[in-house]
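J.: Sharing protein.pdb below, PDB, C-alpha atoms and all ligand atoms:
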```
MODEL        1
ATOM      1  CA  MET A   1     114.119 134.385 118.716
ATOM      2  CA  GLY A   2     113.568 135.036 115.026
ATOM      3  CA  ILE A   3     115.883 132.228 113.983
ATOM      4  CA  GLY A   4     114.933 130.248 110.898
ATOM      5  CA  ILE A   5     114.799 126.460 111.001
ATOM      6  CA  ILE A   6     116.046 124.235 108.190
ATOM      7  CA  GLY A   7     114.558 120.741 108.029
ATOM      8  CA  MET A   8     117.249 118.349 106.828
ATOM      9  CA  LYS A   9     116.544 114.975 105.255
ATOM     10  CA  PRO A  10     112.746 115.330 105.260
ATOM     11  CA  VAL A  11     112.432 112.225 103.087
ATOM     12  CA  ALA A  12     115.141 110.214 104.858
ATOM     13  CA  GLY A  13     117.559 110.209 101.972
ATOM     14  CA  GLY A  14     114.939 108.933  99.555
ATOM     15  CA  ALA A  15     113.678 106.164 101.824
ATOM     16  CA  ILE A  16     110.294 107.785 102.468
ATOM     17  CA  ARG A  17     107.747 107.152  99.732
ATOM     18  CA  ASN A  18     105.151 109.760 100.740
ATOM     19  CA  VAL A  19     107.384 112.626  99.694
ATOM     20  CA  SER A  20     104.832 115.430  99.385
ATOM     21  CA  ALA A  21     103.199 114.538 102.708
ATOM     22  CA  SER A  22     106.564 114.370 104.422
ATOM     23  CA  ILE A  23     107.630 117.793 103.181
ATOM     24  CA  ARG A  24     104.284 119.310 104.117
ATOM     25  CA  PHE A  25     104.519 117.647 107.525
ATOM     26  CA  THR A  26     107.843 119.353 108.269
ATOM     27  CA  LEU A  27     106.522 122.714 107.051
ATOM     28  CA  SER A  28     103.433 122.345 109.242
ATOM     29  CA  ARG A  29     105.631 121.782 112.308
ATOM     30  CA  GLY A  30     107.454 125.104 112.286
ATOM     31  CA  VAL A  31     110.206 124.287 109.786
ATOM     32  CA  ASP A  32     110.885 127.296 107.550
ATOM     33  CA  VAL A  33     112.825 125.559 104.790
ATOM     34  CA  SER A  34     112.661 121.880 103.974
ATOM     35  CA  ILE A  35     115.622 120.602 101.955
ATOM     36  CA  PRO A  36     115.013 117.169 100.403
ATOM     37  CA  GLY A  37     117.533 115.827  97.919
ATOM     38  CA  MET A  38     116.384 115.576  94.302
ATOM     39  CA  ASP A  39     117.780 113.771  91.311
ATOM     40  CA  SER A  40     115.370 114.586  88.507
ATOM     41  CA  ILE A  41     113.432 117.563  87.163
ATOM     42  CA  GLU A  42     110.217 115.729  88.077
ATOM     43  CA  GLU A  43     111.288 115.522  91.702
ATOM     44  CA  VAL A  44     112.197 119.211  91.740
ATOM     45  CA  ASP A  45     108.718 120.053  90.422
ATOM     46  CA  GLU A  46     106.990 117.704  92.862
ATOM     47  CA  ASN A  47     108.893 119.013  95.874
ATOM     48  CA  ALA A  48     108.529 122.647  94.902
ATOM     49  CA  LEU A  49     104.789 122.167  94.567
ATOM     50  CA  ALA A  50     104.591 120.681  98.060
ATOM     51  CA  GLY A  51     106.330 123.772  99.451
ATOM     52  CA  GLU A  52     104.610 126.309  97.264
ATOM     53  CA  THR A  53     101.029 125.316  97.972
ATOM     54  CA  PRO A  54     101.268 123.444 101.259
ATOM     55  CA  GLN A  55      97.994 121.639 101.780
ATOM     56  CA  LYS A  56      96.922 120.303 105.126
ATOM     57  CA  ILE A  57      98.084 116.792 105.974
ATOM     58  CA  THR A  58      95.172 114.395 105.919
ATOM     59  CA  ASP A  59      94.618 111.776 108.606
ATOM     60  CA  GLU A  60      95.311 109.101 106.009
ATOM     61  CA  GLU A  61      98.662 110.697 105.146
ATOM     62  CA  LEU A  62      99.563 110.925 108.817
ATOM     63  CA  VAL A  63      98.910 107.203 109.220
ATOM     64  CA  LYS A  64     101.145 106.453 106.231
ATOM     65  CA  LEU A  65     103.906 108.690 107.564
ATOM     66  CA  GLU A  66     103.638 106.988 110.930
ATOM     67  CA  GLU A  67     104.082 103.620 109.201
ATOM     68  CA  GLU A  68     107.166 104.914 107.413
ATOM     69  CA  LYS A  69     108.525 106.254 110.685
ATOM     70  CA  GLU A  70     108.133 102.815 112.223
ATOM     71  CA  LEU A  71     109.855 101.252 109.236
ATOM     72  CA  TRP A  72     112.860 103.602 109.016
ATOM     73  CA  GLY A  73     113.176 105.347 112.362
ATOM     74  CA  GLY A  74     115.193 102.541 113.880
ATOM     75  CA  LYS A  75     117.505 101.843 110.973
ATOM     76  CA  PHE A  76     118.080 105.030 109.007
ATOM     77  CA  CYS A  77     121.453 106.640 109.685
ATOM     78  CA  ARG A  78     121.201 110.453 109.780
ATOM     79  CA  ARG A  79     124.966 110.803 109.318
ATOM     80  CA  CYS A  80     125.334 113.043 112.327
ATOM     81  CA  GLY A  81     128.575 111.316 113.306
ATOM     82  CA  TYR A  82     127.884 111.327 117.051
ATOM     83  CA  CYS A  83     128.699 107.619 117.193
ATOM     84  CA  THR A  84     132.290 108.228 116.137
ATOM     85  CA  PRO A  85     135.083 107.499 116.695
ATOM     86  CA  CYS A  86     134.804 103.742 116.578
ATOM     87  CA  PRO A  87     137.666 102.161 118.553
ATOM     88  CA  GLU A  88     138.129  99.672 115.722
ATOM     89  CA  GLY A  89     138.442 102.434 113.178
ATOM     90  CA  LEU A  90     135.202 101.847 111.278
ATOM     91  CA  ASN A  91     133.764 104.873 109.527
ATOM     92  CA  ILE A  92     130.247 104.089 110.730
ATOM     93  CA  PRO A  93     128.225 106.802 108.932
ATOM     94  CA  PHE A  94     130.022 106.212 105.651
ATOM     95  CA  LEU A  95     129.634 102.440 105.827
ATOM     96  CA  LEU A  96     125.906 102.857 106.424
ATOM     97  CA  LEU A  97     125.712 105.383 103.602
ATOM     98  CA  ILE A  98     127.432 102.954 101.236
ATOM     99  CA  GLU A  99     124.827 100.326 102.064
ATOM    100  CA  ALA A 100     122.058 102.842 101.295
ATOM    101  CA  TYR A 101     123.616 103.714  97.957
ATOM    102  CA  TYR A 102     124.029 100.035  97.169
ATOM    103  CA  SER A 103     120.552  98.856  98.057
ATOM    104  CA  ARG A 104     118.299 101.904  97.714
ATOM    105  CA  TYR A 105     119.745 104.241  95.119
ATOM    106  CA  GLY A 106     120.795 101.711  92.492
ATOM    107  CA  LEU A 107     124.451 102.797  92.622
ATOM    108  CA  LYS A 108     126.057  99.431  93.258
ATOM    109  CA  GLU A 109     129.259 100.095  91.312
ATOM    110  CA  TRP A 110     129.814 103.418  93.044
ATOM    111  CA  ALA A 111     129.116 101.867  96.442
ATOM    112  CA  LEU A 112     131.547  99.010  95.849
ATOM    113  CA  SER A 113     134.241 101.367  94.596
ATOM    114  CA  ARG A 114     133.893 103.504  97.720
ATOM    115  CA  LEU A 115     133.914 100.459  99.963
ATOM    116  CA  LYS A 116     137.237  99.411  98.455
ATOM    117  CA  THR A 117     138.800 102.674  99.640
ATOM    118  CA  LEU A 118     138.018 101.903 103.279
ATOM    119  CA  GLY A 119     140.506 100.054 105.446
ATOM    120  CA  LYS A 120     137.860  98.784 107.854
ATOM    121  CA  LYS A 121     134.670  97.248 106.580
ATOM    122  CA  TYR A 122     131.450  95.797 107.992
ATOM    123  CA  ASP A 123     133.051  92.537 109.107
ATOM    124  CA  ASP A 124     135.586  94.420 111.224
ATOM    125  CA  CYS A 125     132.895  95.434 113.697
ATOM    126  CA  ILE A 126     133.516  93.463 116.882
ATOM    127  CA  ALA A 127     130.140  94.478 118.355
ATOM    128  CA  CYS A 128     131.805  96.159 121.328
ATOM    129  CA  GLY A 129     128.725  98.365 121.703
ATOM    130  CA  GLU A 130     130.608 101.608 122.299
ATOM    131  CA  CYS A 131     128.757 103.370 119.482
ATOM    132  CA  LEU A 132     125.363 102.245 120.758
ATOM    133  CA  GLU A 133     125.499 104.591 123.713
ATOM    134  CA  LYS A 134     126.380 107.542 121.490
ATOM    135  CA  CYS A 135     123.791 107.258 118.715
ATOM    136  CA  PRO A 136     120.937 109.633 119.627
ATOM    137  CA  TYR A 137     118.587 107.626 117.396
ATOM    138  CA  GLU A 138     119.373 104.372 119.189
ATOM    139  CA  LEU A 139     120.260 102.591 115.972
ATOM    140  CA  PRO A 140     121.387  98.983 116.454
ATOM    141  CA  ILE A 141     124.718  99.748 114.785
ATOM    142  CA  PRO A 142     126.466  96.366 115.241
ATOM    143  CA  ASP A 143     123.400  94.623 113.781
ATOM    144  CA  LEU A 144     123.299  97.101 110.916
ATOM    145  CA  MET A 145     126.976  96.408 110.235
ATOM    146  CA  LYS A 146     126.322  92.696 110.135
ATOM    147  CA  LYS A 147     123.294  93.075 107.845
ATOM    148  CA  SER A 148     125.075  95.578 105.595
ATOM    149  CA  GLY A 149     128.025  93.217 105.244
ATOM    150  CA  LYS A 150     125.674  90.586 103.860
ATOM    151  CA  ILE A 151     123.969  93.024 101.483
ATOM    152  CA  VAL A 152     126.965  94.860 100.014
ATOM    153  CA  ILE A 153     128.903  92.099  98.303
TER     154      ILE A 153
HETATM  155  S1  LIG A 201     130.050  98.095 117.874
HETATM  156 FE1  LIG A 201     131.252  97.929 116.000
HETATM  157  S2  LIG A 201     130.952  99.875 114.936
HETATM  158 FE2  LIG A 201     130.289 100.167 117.066
HETATM  159  S3  LIG A 201     132.098 101.008 118.099
HETATM  160 FE3  LIG A 201     132.141  98.769 118.377
HETATM  161  S4  LIG A 201     133.380  97.989 116.688
HETATM  162 FE4  LIG A 201     132.804 100.110 116.173
HETATM  163  S1  LIG A 202     125.099 108.458 115.618
HETATM  164 FE1  LIG A 202     123.572 107.101 114.695
HETATM  165  S2  LIG A 202     122.544 108.375 113.163
HETATM  166 FE2  LIG A 202     124.417 109.451 113.746
HETATM  167  S3  LIG A 202     125.959 108.780 112.238
HETATM  168 FE3  LIG A 202     126.103 107.374 113.951
HETATM  169  S4  LIG A 202     124.757 105.664 113.423
HETATM  170 FE4  LIG A 202     124.229 107.363 112.103
ENDMDL
END
```
Show me this structure written as structure tokens.
T.:
Amino acid sequence: MGIGIIGMKPVAGGAIRNVSASIRFTLSRGVDVSIPGMDSIEEVDENALAGETPQKITDEELVKLEEEKELWGGKFCRRCGYCTPCPEGLNIPFLLLIEAYYSRYGLKEWALSRLKTLGKKYDDCIACGECLEKCPYELPIPDLMKKSGKIVI
């Protein structure tokens, strides 16, 4: 239909280590523009190179990407918000984002300051399971809440 496709979060918010392969993978699957986040000039250069001269994905890279998919596919929140609203008032995507900032991006102070602004936190999840049916990625949200509550302290 002549409609362009934007590939969001091609490196899973910084979780994926094989960045170049991941970007090239999306571009080789019909994505027109891949939009990873970047926080340094080096990353801009690296990502631009992956898009500018897209080389074929090797079998070895595919295996590594598959391993990363297994690692993150079941626990990485895409922040789509389909799981909301939570009947207990938890801001599920934001709580999971705070945990990512705390444990993956080295922004502990920022994460804690944002957590303080929320009325409902990880421990307020009563594991009712309502969100489980709504998450298209089948994330184990109550478990993630419990784990996040132990990590972000
Ligand atoms: S399981 Fe927890 S996060 Fe999910 S809807 Fe119920 S209370 Fe909210
Ligand atoms: S539906 Fe799943 S992926 Fe989307 S925001 Fe909720 S927990 Fe995250």
J.: What lies within 8 Å of Val31 of chain A using all atoms listed in the file, ignoring chain neighbours under 6 positions off, as a CSV table (one decimal) with C-alpha atoms, in the frame of the given file?
T.:
```
chain,number,residue,atom,x,y,z
A,4,GLY,CA,114.9,130.2,110.9
A,5,ILE,CA,114.8,126.5,111.0
A,6,ILE,CA,116.0,124.2,108.2
A,7,GLY,CA,114.6,120.7,108.0
```
J.: Take the PyMOL selection byres (((not hetatm)) within 9 of (chain A and resi 201)), run it mentally on this structure, and tell me the resulting residues as a PyMOL selection string.
T.: chain A and resi 83-92+122-132+140-143+145
J.: Let me see the file: selected residues, C-alpha atoms, as a tab-separated table (two decimals), in the coordinates of the input.
T.:
```tsv
chain	number	residue	atom	x	y	z
A	83	CYS	CA	128.70	107.62	117.19
A	84	THR	CA	132.29	108.23	116.14
A	85	PRO	CA	135.08	107.50	116.70
A	86	CYS	CA	134.80	103.74	116.58
A	87	PRO	CA	137.67	102.16	118.55
A	88	GLU	CA	138.13	99.67	115.72
A	89	GLY	CA	138.44	102.43	113.18
A	90	LEU	CA	135.20	101.85	111.28
A	91	ASN	CA	133.76	104.87	109.53
A	92	ILE	CA	130.25	104.09	110.73
A	122	TYR	CA	131.45	95.80	107.99
A	123	ASP	CA	133.05	92.54	109.11
A	124	ASP	CA	135.59	94.42	111.22
A	125	CYS	CA	132.90	95.43	113.70
A	126	ILE	CA	133.52	93.46	116.88
A	127	ALA	CA	130.14	94.48	118.36
A	128	CYS	CA	131.80	96.16	121.33
A	129	GLY	CA	128.72	98.36	121.70
A	130	GLU	CA	130.61	101.61	122.30
A	131	CYS	CA	128.76	103.37	119.48
A	132	LEU	CA	125.36	102.24	120.76
A	140	PRO	CA	121.39	98.98	116.45
A	141	ILE	CA	124.72	99.75	114.78
A	142	PRO	CA	126.47	96.37	115.24
A	143	ASP	CA	123.40	94.62	113.78
A	145	MET	CA	126.98	96.41	110.24
```
J.: Return as a list in words the set of residues that the PyMOL selection byres (((not hetatm)) within 8 of (chain A and resi 202)) yields on the displayed structure.
T.: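 This file gives the following for the PyMOL selection byres (((not hetatm)) within 8 of (chain A and resi 202)): Phe76, Cys77, Arg78, Arg79, Cys80, Gly81, Tyr82, Cys83, Thr84, Ile92, Pro93, Leu96, Cys131, Leu132, Lys134, Cys135, Pro136, Tyr137, Glu138, Leu139 and Ile141 of chain A.
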J.: Of the candidates A:Val33, A:Val63, A:Val19, A:Val11, which shows the shortest atom-to-atom distance to Glu46 of chain A, using only C-alpha atoms?
T.: A:Val19
J.: Can you work out the spacing between atom CA of Met38 of chain A and atom CA of Leu71 of chain A in Å, to one decimal?
T.: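 Going from atom CA of Met38 of chain A over to atom CA of Leu71 of chain A, I get 21.7 Å.
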J.: Using only C-alpha atoms for the distances, tell me which of A:Lys75, A:Lys150, A:Lys9, A:Lys64 is nearest to Ala21 of chain A.
T.: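 When distances to Ala21 of chain A are compared using only C-alpha atoms, the smallest one comes from A:Lys64.
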J.: Enumerate, in order of chain and increasing residue number, the residues of segment 123-153 of chain A with an atom no farther than 12 Å from segment 104-111 of chain A, each with its shortest atom pair and distance in Å to one decimal, counting only C-alpha atoms, as CSV.
T.:
```
residue,atom,partner,partner_atom,distance
A:Ser148,CA,A:Ala111,CA,11.8
A:Ile151,CA,A:Lys108,CA,10.6
A:Val152,CA,A:Ala111,CA,8.2
A:Ile153,CA,A:Lys108,CA,9.3
```
J.: Rounded to one decimal, what separation in Å do you get between atom CA of Ser113 of chain A and atom CA of Leu97 of chain A?
T.: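 Spanning atom CA of Ser113 of chain A to atom CA of Leu97 of chain A is a straight-line distance of 13.0 Å.
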J.: Would you work out the distance separating atom CA of Arg24 of chain A from atom CA of Glu99 of chain A, expressed in Å to one decimal?
T.: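 So the answer is 28.0 Å.
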J.: Taking all atoms of segment 16-29 of chain A that the file lists and extending 8 Å past them on each side, where is the centre of the axis-aligned box and how long are its edges? Answer in Å to one decimal, as lines of an AutoDock Vina configuration file.
T.:
```
center_x = 106.7
center_y = 114.9
center_z = 105.8
size_x = 23.1
size_y = 31.6
size_z = 28.9
```
J.: Show me the residues close to (106.3, 116.4, 96.0) - anything with an atom within 8 Å, counting all atoms listed in the file - and format the list as an MDAnalysis selection string.
T.: chainID A and resid 19:21 23 43:50
J.: From the set A:Ala15, A:Ile3, A:Met8, A:Ile57, which residue has the shortest atom-to-atom contact distance to Gly73 of chain A, counting all atoms listed in the file?
T.: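 Result for the nearest residue to Gly73 of chain A: A:Ala15.
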J.: Between A:Lys147, A:Leu115, A:Phe25, A:Ala12, which one has atoms that come closest to Glu61 of chain A, using all atoms listed in the file?
T.: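 Checking each candidate against Glu61 of chain A, we get A:Phe25 as the closest.
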J.: Calculated over all atoms listed in the file, which of the candidates A:Arg17, A:Leu27, A:Glu133, A:Lys146 has the smallest distance to Trp72 of chain A?
T.: A:Arg17
